[in-house]
>>> print(open('target.tsv').read())   # TSV, N, CA and C atoms
chain	number	residue	atom	x	y	z
U	579	MET	N	47.15	-114.22	-83.59
U	579	MET	CA	46.58	-114.64	-84.85
U	579	MET	C	45.08	-114.87	-84.71
U	580	TYR	N	44.69	-115.48	-83.61
U	580	TYR	CA	43.28	-115.77	-83.35
U	580	TYR	C	42.47	-114.47	-83.28
U	581	ARG	N	43.05	-113.44	-82.65
U	581	ARG	CA	42.38	-112.15	-82.54
U	581	ARG	C	42.19	-111.50	-83.91
U	582	ILE	N	43.21	-111.60	-84.75
U	582	ILE	CA	43.14	-111.01	-86.08
U	582	ILE	C	42.02	-111.65	-86.88
U	583	ILE	N	41.95	-112.96	-86.84
U	583	ILE	CA	40.91	-113.68	-87.59
U	583	ILE	C	39.53	-113.28	-87.08
U	584	LEU	N	39.37	-113.22	-85.77
U	584	LEU	CA	38.08	-112.83	-85.20
U	584	LEU	C	37.72	-111.40	-85.56
U	585	SER	N	38.69	-110.50	-85.52
U	585	SER	CA	38.39	-109.10	-85.85
U	585	SER	C	38.02	-108.95	-87.31
U	586	ILE	N	38.68	-109.70	-88.19
U	586	ILE	CA	38.34	-109.64	-89.62
U	586	ILE	C	36.94	-110.20	-89.84
U	587	LEU	N	36.64	-111.30	-89.20
U	587	LEU	CA	35.32	-111.90	-89.32
U	587	LEU	C	34.25	-110.94	-88.79
U	588	PHE	N	34.51	-110.34	-87.67
U	588	PHE	CA	33.56	-109.39	-87.08
U	588	PHE	C	33.37	-108.18	-87.99
U	589	LEU	N	34.48	-107.63	-88.49
U	589	LEU	CA	34.42	-106.48	-89.37
U	589	LEU	C	33.65	-106.81	-90.65
U	590	THR	N	33.90	-107.97	-91.18
U	590	THR	CA	33.22	-108.39	-92.40
U	590	THR	C	31.73	-108.57	-92.17
U	591	CYS	N	31.36	-109.20	-91.08
U	591	CYS	CA	29.94	-109.42	-90.78
U	591	CYS	C	29.19	-108.12	-90.58
U	592	ILE	N	29.84	-107.16	-89.96
U	592	ILE	CA	29.18	-105.90	-89.67
U	592	ILE	C	29.07	-105.03	-90.92
U	593	THR	N	30.13	-105.01	-91.73
U	593	THR	CA	30.16	-104.06	-92.83
U	593	THR	C	29.59	-104.58	-94.13
U	594	LEU	N	29.55	-105.88	-94.35
U	594	LEU	CA	29.00	-106.36	-95.60
U	594	LEU	C	27.48	-106.32	-95.56
U	595	PRO	N	26.87	-105.71	-96.56
U	595	PRO	CA	25.43	-105.61	-96.54
U	595	PRO	C	24.79	-106.96	-96.85
U	596	THR	N	23.69	-107.24	-96.17
U	596	THR	CA	23.01	-108.50	-96.40
U	596	THR	C	21.63	-108.29	-96.98
U	597	ASN	N	21.15	-107.08	-96.99
U	597	ASN	CA	19.80	-106.82	-97.47
U	597	ASN	C	19.76	-106.15	-98.83
U	598	GLY	N	20.82	-106.25	-99.60
U	598	GLY	CA	20.84	-105.72	-100.95
U	598	GLY	C	21.28	-104.27	-101.06
U	599	GLN	N	21.52	-103.59	-99.95
U	599	GLN	CA	21.97	-102.22	-100.05
U	599	GLN	C	23.44	-102.21	-100.45
U	600	SER	N	23.84	-101.18	-101.16
U	600	SER	CA	25.21	-101.13	-101.64
U	600	SER	C	26.12	-100.54	-100.56
U	601	MET	N	27.37	-100.95	-100.62
U	601	MET	CA	28.36	-100.46	-99.68
U	601	MET	C	28.88	-99.12	-100.20
U	602	SER	N	29.28	-98.28	-99.30
U	602	SER	CA	29.83	-96.99	-99.70
U	602	SER	C	31.27	-97.19	-100.18
U	603	TYR	N	31.77	-96.17	-100.86
U	603	TYR	CA	33.16	-96.17	-101.31
U	603	TYR	C	34.10	-96.38	-100.13
U	604	ALA	N	33.84	-95.67	-99.04
U	604	ALA	CA	34.71	-95.75	-97.86
U	604	ALA	C	34.72	-97.16	-97.29
U	605	GLU	N	33.57	-97.82	-97.25
U	605	GLU	CA	33.51	-99.18	-96.71
U	605	GLU	C	34.27	-100.16	-97.60
U	606	ILE	N	34.05	-100.07	-98.89
U	606	ILE	CA	34.74	-100.96	-99.83
U	606	ILE	C	36.24	-100.72	-99.76
U	607	ASP	N	36.64	-99.45	-99.75
U	607	ASP	CA	38.05	-99.12	-99.71
U	607	ASP	C	38.70	-99.62	-98.43
U	608	SER	N	38.05	-99.40	-97.31
U	608	SER	CA	38.59	-99.82	-96.02
U	608	SER	C	38.74	-101.34	-95.94
U	609	ILE	N	37.70	-102.04	-96.32
U	609	ILE	CA	37.73	-103.51	-96.25
U	609	ILE	C	38.78	-104.07	-97.20
U	610	SER	N	38.78	-103.59	-98.44
U	610	SER	CA	39.72	-104.13	-99.43
U	610	SER	C	41.17	-103.80	-99.08
U	611	TYR	N	41.40	-102.60	-98.53
U	611	TYR	CA	42.76	-102.24	-98.15
U	611	TYR	C	43.25	-103.11	-96.99
U	612	HIS	N	42.39	-103.37	-96.04
U	612	HIS	CA	42.76	-104.25	-94.93
U	612	HIS	C	43.07	-105.66	-95.44
U	613	GLN	N	42.24	-106.17	-96.33
U	613	GLN	CA	42.47	-107.50	-96.88
U	613	GLN	C	43.77	-107.53	-97.66
U	614	TYR	N	44.07	-106.46	-98.37
U	614	TYR	CA	45.32	-106.36	-99.12
U	614	TYR	C	46.52	-106.37	-98.17
U	615	LEU	N	46.43	-105.60	-97.10
U	615	LEU	CA	47.54	-105.51	-96.15
U	615	LEU	C	47.86	-106.84	-95.47
U	616	ILE	N	46.84	-107.61	-95.13
U	616	ILE	CA	47.09	-108.87	-94.44
U	616	ILE	C	47.26	-110.04	-95.41
U	617	GLY	N	47.09	-109.78	-96.71
U	617	GLY	CA	47.30	-110.82	-97.71
U	617	GLY	C	46.18	-111.84	-97.79
U	618	ASP	N	44.97	-111.43	-97.48
U	618	ASP	CA	43.81	-112.32	-97.58
U	618	ASP	C	43.25	-112.22	-99.00
U	619	TRP	N	43.93	-112.90	-99.92
U	619	TRP	CA	43.65	-112.76	-101.35
U	619	TRP	C	42.25	-113.26	-101.72
U	620	ASP	N	41.81	-114.36	-101.13
U	620	ASP	CA	40.48	-114.89	-101.43
U	620	ASP	C	39.39	-113.90	-101.02
U	621	ALA	N	39.49	-113.36	-99.83
U	621	ALA	CA	38.50	-112.40	-99.35
U	621	ALA	C	38.54	-111.12	-100.19
U	622	LEU	N	39.73	-110.70	-100.58
U	622	LEU	CA	39.87	-109.50	-101.40
U	622	LEU	C	39.20	-109.70	-102.75
U	623	LEU	N	39.41	-110.85	-103.36
U	623	LEU	CA	38.76	-111.13	-104.65
U	623	LEU	C	37.24	-111.17	-104.50
U	624	LYS	N	36.78	-111.68	-103.38
U	624	LYS	CA	35.34	-111.70	-103.12
U	624	LYS	C	34.80	-110.27	-102.98
U	625	THR	N	35.54	-109.42	-102.31
U	625	THR	CA	35.13	-108.02	-102.16
U	625	THR	C	35.08	-107.32	-103.51
U	626	VAL	N	36.07	-107.59	-104.35
U	626	VAL	CA	36.09	-106.97	-105.69
U	626	VAL	C	34.89	-107.45	-106.50
U	627	ARG	N	34.60	-108.75	-106.45
U	627	ARG	CA	33.44	-109.27	-107.19
U	627	ARG	C	32.15	-108.66	-106.67
U	628	LEU	N	32.04	-108.48	-105.37
U	628	LEU	CA	30.85	-107.85	-104.78
U	628	LEU	C	30.71	-106.40	-105.27
U	629	ALA	N	31.82	-105.68	-105.29
U	629	ALA	CA	31.80	-104.30	-105.77
U	629	ALA	C	31.45	-104.25	-107.26
U	630	GLU	N	31.97	-105.20	-108.03
U	630	GLU	CA	31.64	-105.24	-109.45
U	630	GLU	C	30.14	-105.47	-109.65
U	631	ALA	N	29.57	-106.36	-108.86
U	631	ALA	CA	28.14	-106.66	-108.97
U	631	ALA	C	27.30	-105.42	-108.65
U	632	LYS	N	27.81	-104.58	-107.77
U	632	LYS	CA	27.10	-103.35	-107.38
U	632	LYS	C	27.54	-102.15	-108.21
U	633	HIS	N	28.40	-102.38	-109.22
U	633	HIS	CA	28.93	-101.31	-110.07
U	633	HIS	C	29.62	-100.23	-109.24
U	634	SER	N	30.40	-100.66	-108.28
U	634	SER	CA	31.09	-99.74	-107.37
U	634	SER	C	32.60	-99.90	-107.44
U	635	THR	N	33.13	-100.20	-108.61
U	635	THR	CA	34.57	-100.37	-108.71
U	635	THR	C	35.25	-99.02	-108.95
U	636	TYR	N	36.51	-98.96	-108.62
U	636	TYR	CA	37.33	-97.78	-108.83
U	636	TYR	C	38.76	-98.27	-109.02
U	637	PRO	N	39.66	-97.45	-109.58
U	637	PRO	CA	41.00	-97.92	-109.94
U	637	PRO	C	41.78	-98.61	-108.82
U	638	ASN	N	41.81	-98.05	-107.62
U	638	ASN	CA	42.60	-98.68	-106.55
U	638	ASN	C	42.05	-100.06	-106.18
U	639	LEU	N	40.75	-100.22	-106.20
U	639	LEU	CA	40.15	-101.52	-105.92
U	639	LEU	C	40.53	-102.52	-107.00
U	640	LEU	N	40.49	-102.08	-108.26
U	640	LEU	CA	40.86	-102.98	-109.36
U	640	LEU	C	42.35	-103.34	-109.31
U	641	LEU	N	43.18	-102.37	-108.90
U	641	LEU	CA	44.62	-102.67	-108.75
U	641	LEU	C	44.83	-103.72	-107.66
U	642	ARG	N	44.12	-103.58	-106.55
U	642	ARG	CA	44.24	-104.57	-105.47
U	642	ARG	C	43.72	-105.93	-105.93
U	643	GLY	N	42.61	-105.92	-106.65
U	643	GLY	CA	42.06	-107.18	-107.17
U	643	GLY	C	43.01	-107.85	-108.14
U	644	GLY	N	43.63	-107.05	-108.99
U	644	GLY	CA	44.60	-107.60	-109.93
U	644	GLY	C	45.79	-108.22	-109.22
U	645	TYR	N	46.24	-107.56	-108.17
U	645	TYR	CA	47.37	-108.09	-107.41
U	645	TYR	C	46.98	-109.37	-106.68
U	646	ALA	N	45.77	-109.39	-106.11
U	646	ALA	CA	45.30	-110.59	-105.41
U	646	ALA	C	45.19	-111.76	-106.37
U	647	ALA	N	44.64	-111.52	-107.54
U	647	ALA	CA	44.53	-112.60	-108.53
U	647	ALA	C	45.91	-113.09	-108.97
U	648	MET	N	46.84	-112.15	-109.11
U	648	MET	CA	48.20	-112.54	-109.48
U	648	MET	C	48.85	-113.38	-108.39
U	649	MET	N	48.61	-113.03	-107.13
U	649	MET	CA	49.17	-113.80	-106.02
U	649	MET	C	48.57	-115.21	-105.96
U	650	LYS	N	47.36	-115.37	-106.50
U	650	LYS	CA	46.71	-116.68	-106.56
U	650	LYS	C	47.07	-117.40	-107.87
U	651	ASN	N	48.01	-116.85	-108.63
U	651	ASN	CA	48.45	-117.39	-109.92
U	651	ASN	C	47.32	-117.46	-110.95
U	652	ASN	N	46.35	-116.57	-110.84
U	652	ASN	CA	45.29	-116.46	-111.83
U	652	ASN	C	45.61	-115.25	-112.71
U	653	HIS	N	46.54	-115.45	-113.63
U	653	HIS	CA	47.05	-114.33	-114.43
U	653	HIS	C	46.01	-113.78	-115.40
U	654	SER	N	45.09	-114.60	-115.86
U	654	SER	CA	44.04	-114.11	-116.75
U	654	SER	C	43.12	-113.13	-116.02
U	655	LEU	N	42.69	-113.48	-114.83
U	655	LEU	CA	41.84	-112.58	-114.05
U	655	LEU	C	42.60	-111.32	-113.66
U	656	SER	N	43.83	-111.49	-113.27
U	656	SER	CA	44.67	-110.35	-112.90
U	656	SER	C	44.78	-109.39	-114.08
U	657	LEU	N	45.04	-109.92	-115.25
U	657	LEU	CA	45.16	-109.11	-116.46
U	657	LEU	C	43.85	-108.36	-116.74
U	658	LYS	N	42.73	-109.02	-116.53
U	658	LYS	CA	41.41	-108.38	-116.74
U	658	LYS	C	41.28	-107.14	-115.86
U	659	TYR	N	41.64	-107.27	-114.58
U	659	TYR	CA	41.53	-106.13	-113.67
U	659	TYR	C	42.47	-105.00	-114.08
U	660	TYR	N	43.70	-105.34	-114.46
U	660	TYR	CA	44.64	-104.31	-114.87
U	660	TYR	C	44.21	-103.64	-116.17
U	661	GLN	N	43.62	-104.39	-117.08
U	661	GLN	CA	43.12	-103.80	-118.32
U	661	GLN	C	41.95	-102.84	-118.04
U	662	ASN	N	41.13	-103.19	-117.05
U	662	ASN	CA	40.04	-102.28	-116.67
U	662	ASN	C	40.59	-100.96	-116.14
U	663	VAL	N	41.66	-101.02	-115.38
U	663	VAL	CA	42.30	-99.79	-114.89
U	663	VAL	C	42.85	-98.99	-116.07
U	664	LEU	N	43.45	-99.69	-117.03
U	664	LEU	CA	44.03	-99.01	-118.18
U	664	LEU	C	42.97	-98.37	-119.07
U	665	GLN	N	41.75	-98.89	-119.04
U	665	GLN	CA	40.66	-98.24	-119.78
U	665	GLN	C	40.32	-96.89	-119.16
U	666	LEU	N	40.51	-96.77	-117.86
U	666	LEU	CA	40.25	-95.51	-117.17
U	666	LEU	C	41.42	-94.54	-117.27
U	667	ASN	N	42.64	-95.10	-117.25
U	667	ASN	CA	43.85	-94.28	-117.32
U	667	ASN	C	44.92	-95.11	-118.02
U	668	SER	N	45.13	-94.83	-119.28
U	668	SER	CA	46.02	-95.66	-120.10
U	668	SER	C	47.50	-95.52	-119.74
U	669	TYR	N	47.83	-94.59	-118.83
U	669	TYR	CA	49.23	-94.41	-118.43
U	669	TYR	C	49.48	-94.72	-116.97
U	670	ASN	N	48.61	-95.49	-116.35
U	670	ASN	CA	48.81	-95.89	-114.96
U	670	ASN	C	50.00	-96.86	-114.91
U	671	GLU	N	51.07	-96.43	-114.27
U	671	GLU	CA	52.32	-97.21	-114.27
U	671	GLU	C	52.15	-98.60	-113.66
U	672	ALA	N	51.45	-98.69	-112.55
U	672	ALA	CA	51.27	-99.99	-111.90
U	672	ALA	C	50.48	-100.93	-112.80
U	673	ALA	N	49.41	-100.43	-113.39
U	673	ALA	CA	48.59	-101.27	-114.27
U	673	ALA	C	49.38	-101.69	-115.51
U	674	LEU	N	50.15	-100.79	-116.08
U	674	LEU	CA	50.97	-101.13	-117.24
U	674	LEU	C	52.00	-102.20	-116.89
U	675	TYR	N	52.67	-102.01	-115.76
U	675	TYR	CA	53.71	-102.94	-115.34
U	675	TYR	C	53.14	-104.35	-115.15
U	676	PHE	N	52.04	-104.43	-114.38
U	676	PHE	CA	51.49	-105.75	-114.08
U	676	PHE	C	50.73	-106.35	-115.27
U	677	ALA	N	50.22	-105.50	-116.16
U	677	ALA	CA	49.63	-106.03	-117.39
U	677	ALA	C	50.72	-106.68	-118.24
U	678	ALA	N	51.85	-106.01	-118.35
U	678	ALA	CA	52.98	-106.60	-119.09
U	678	ALA	C	53.45	-107.88	-118.41
U	679	TYR	N	53.60	-107.85	-117.09
U	679	TYR	CA	54.04	-109.04	-116.36
U	679	TYR	C	53.08	-110.22	-116.56
U	680	ASN	N	51.78	-109.96	-116.43
U	680	ASN	CA	50.80	-111.04	-116.60
U	680	ASN	C	50.80	-111.58	-118.03
U	681	ASN	N	50.98	-110.68	-119.00
U	681	ASN	CA	51.07	-111.16	-120.38
U	681	ASN	C	52.30	-112.03	-120.59
U	682	ILE	N	53.39	-111.70	-119.94
U	682	ILE	CA	54.59	-112.56	-120.02
U	682	ILE	C	54.28	-113.93	-119.42
U	683	GLN	N	53.62	-113.95	-118.27
U	683	GLN	CA	53.27	-115.22	-117.63
U	683	GLN	C	52.33	-116.05	-118.49
U	684	LEU	N	51.51	-115.38	-119.30
U	684	LEU	CA	50.57	-116.07	-120.18
U	684	LEU	C	51.16	-116.33	-121.57
U	685	SER	N	52.46	-116.05	-121.73
U	685	SER	CA	53.19	-116.23	-123.00
U	685	SER	C	52.60	-115.38	-124.12
U	686	ARG	N	52.13	-114.22	-123.79
U	686	ARG	CA	51.62	-113.26	-124.78
U	686	ARG	C	52.64	-112.13	-124.89
U	687	TYR	N	53.73	-112.42	-125.57
U	687	TYR	CA	54.86	-111.51	-125.57
U	687	TYR	C	54.59	-110.22	-126.35
U	688	ASP	N	53.81	-110.29	-127.43
U	688	ASP	CA	53.50	-109.06	-128.17
U	688	ASP	C	52.69	-108.10	-127.31
U	689	ALA	N	51.73	-108.62	-126.57
U	689	ALA	CA	50.93	-107.78	-125.68
U	689	ALA	C	51.80	-107.23	-124.55
U	690	ALA	N	52.73	-108.03	-124.06
U	690	ALA	CA	53.63	-107.57	-123.00
U	690	ALA	C	54.49	-106.40	-123.50
U	691	VAL	N	54.99	-106.51	-124.71
U	691	VAL	CA	55.80	-105.44	-125.29
U	691	VAL	C	54.96	-104.18	-125.48
U	692	TYR	N	53.71	-104.36	-125.90
U	692	TYR	CA	52.80	-103.22	-126.10
U	692	TYR	C	52.67	-102.42	-124.80
U	693	HIS	N	52.46	-103.11	-123.70
U	693	HIS	CA	52.32	-102.41	-122.41
U	693	HIS	C	53.67	-101.88	-121.92
U	694	ALA	N	54.72	-102.65	-122.12
U	694	ALA	CA	56.03	-102.25	-121.63
U	694	ALA	C	56.54	-100.99	-122.31
U	695	LYS	N	56.16	-100.78	-123.57
U	695	LYS	CA	56.60	-99.59	-124.29
U	695	LYS	C	56.11	-98.30	-123.64
U	696	LYS	N	55.00	-98.36	-122.94
U	696	LYS	CA	54.44	-97.17	-122.29
U	696	LYS	C	55.02	-96.92	-120.90
U	697	LEU	N	55.78	-97.88	-120.39
U	697	LEU	CA	56.36	-97.76	-119.04
U	697	LEU	C	57.51	-96.77	-119.01
U	698	SER	N	57.77	-96.24	-117.84
U	698	SER	CA	58.98	-95.43	-117.66
U	698	SER	C	60.19	-96.33	-117.84
U	699	ILE	N	61.31	-95.72	-118.11
U	699	ILE	CA	62.53	-96.50	-118.36
U	699	ILE	C	62.90	-97.36	-117.14
U	700	ASP	N	62.76	-96.80	-115.94
U	700	ASP	CA	63.09	-97.55	-114.73
U	700	ASP	C	62.23	-98.80	-114.61
U	701	ASN	N	60.92	-98.64	-114.78
U	701	ASN	CA	60.02	-99.79	-114.66
U	701	ASN	C	60.22	-100.78	-115.78
U	702	ARG	N	60.54	-100.29	-116.96
U	702	ARG	CA	60.81	-101.19	-118.09
U	702	ARG	C	62.04	-102.04	-117.79
U	703	ASN	N	63.05	-101.43	-117.20
U	703	ASN	CA	64.26	-102.19	-116.84
U	703	ASN	C	63.98	-103.22	-115.75
U	704	LYS	N	63.12	-102.88	-114.79
U	704	LYS	CA	62.77	-103.82	-113.73
U	704	LYS	C	62.02	-105.03	-114.28
U	705	LEU	N	61.18	-104.76	-115.28
U	705	LEU	CA	60.37	-105.83	-115.87
U	705	LEU	C	61.25	-106.82	-116.59
>>> encode(input="target.tsv", output="structure tokens")
Amino acid sequence: MYRIILSILFLTCITLPTNGQSMSYAEIDSISYHQYLIGDWDALLKTVRLAEAKHSTYPNLLLRGGYAAMMKNNHSLSLKYYQNVLQLNSYNEAALYFAAYNNIQLSRYDAAVYHAKKLSIDNRNKL
């Protein structure tokens, strides 16, 4: 465990820009995917906010950010990220599913039904 923490800290220190230069897609993707895999939700949300500030977001990053926010029980933020994905692709199954789920958690049942109607039958049944 100690090694993992040190390697994450080392990787973060080396790859995060400190002089205002923007990170590449590959760097953001690699860091955010690693944070997603180990469940470091706080760091992942920080990475997403950094990418947003640099206008370097993309659907997979927003999906990861939405999931991280949901795991932190911040359903409003999670919904924001999933809605951003849906603006890019209104039929993204993962974004539709979790947008409906977050709306249910926020007691917004009409919005949940709106998103659920676009889901495949299997995913609608799971929801």
>>> residues_around(input="target.tsv", residues="range 683-696 of chain U", least_positions_apart="5", cutoff="8 Å", atoms="only N, CA and C atoms", output="NGL selection string")
:U and (653-654 or 668-671 or 673-675 or 677-678 or 701-702)
>>> axis_aligned_box(input="target.tsv", around="range 599-612 of chain U", padding_each_side="8 Å", output="lines of an AutoDock Vina configuration file")
center_x = 32.4
center_y = -100.7
center_z = -98.3
size_x = 37.7
size_y = 26.0
size_z = 22.7
>>> atom_distance(input="target.tsv", atom1="CA of Leu615 in chain U", atom2="CA of Tyr636 in chain U")
18.0 Å
>>> residues_around(input="target.tsv", residues="range 657-660 of chain U", least_positions_apart="3", cutoff="7 Å", atoms="all atoms listed in the file", output="list in words")
Leu640, Leu641, Gly643, Gly644, Met648, Asn652, His653, Ser654, Val663, Leu664, Gln665, Ala673, Leu674, Phe676, Ala677, Asn680 and Asn681 of chain U
>>> closest_residue(input="target.tsv", among="U:Leu666, U:Met601, U:Ile682, U:Ile616", to="Ala629 in chain U", atoms="only C-alpha atoms")
U:Met601
>>> atom_distance(input="target.tsv", atom1="atom C of Ala647 in chain U", atom2="atom N of Asp620 in chain U")
8.9 Å
>>> atom_distance(input="target.tsv", atom1="atom C of Arg642 in chain U", atom2="atom N of Ser698 in chain U")
20.8 Å
>>> select_by_dssp(input="target.tsv", residues="range 591-684 of chain U", states="helix (DSSP H, G or I)", output="ChimeraX atom specification")
/U:591-593,603-616,619-631,637-649,653-666,671-683
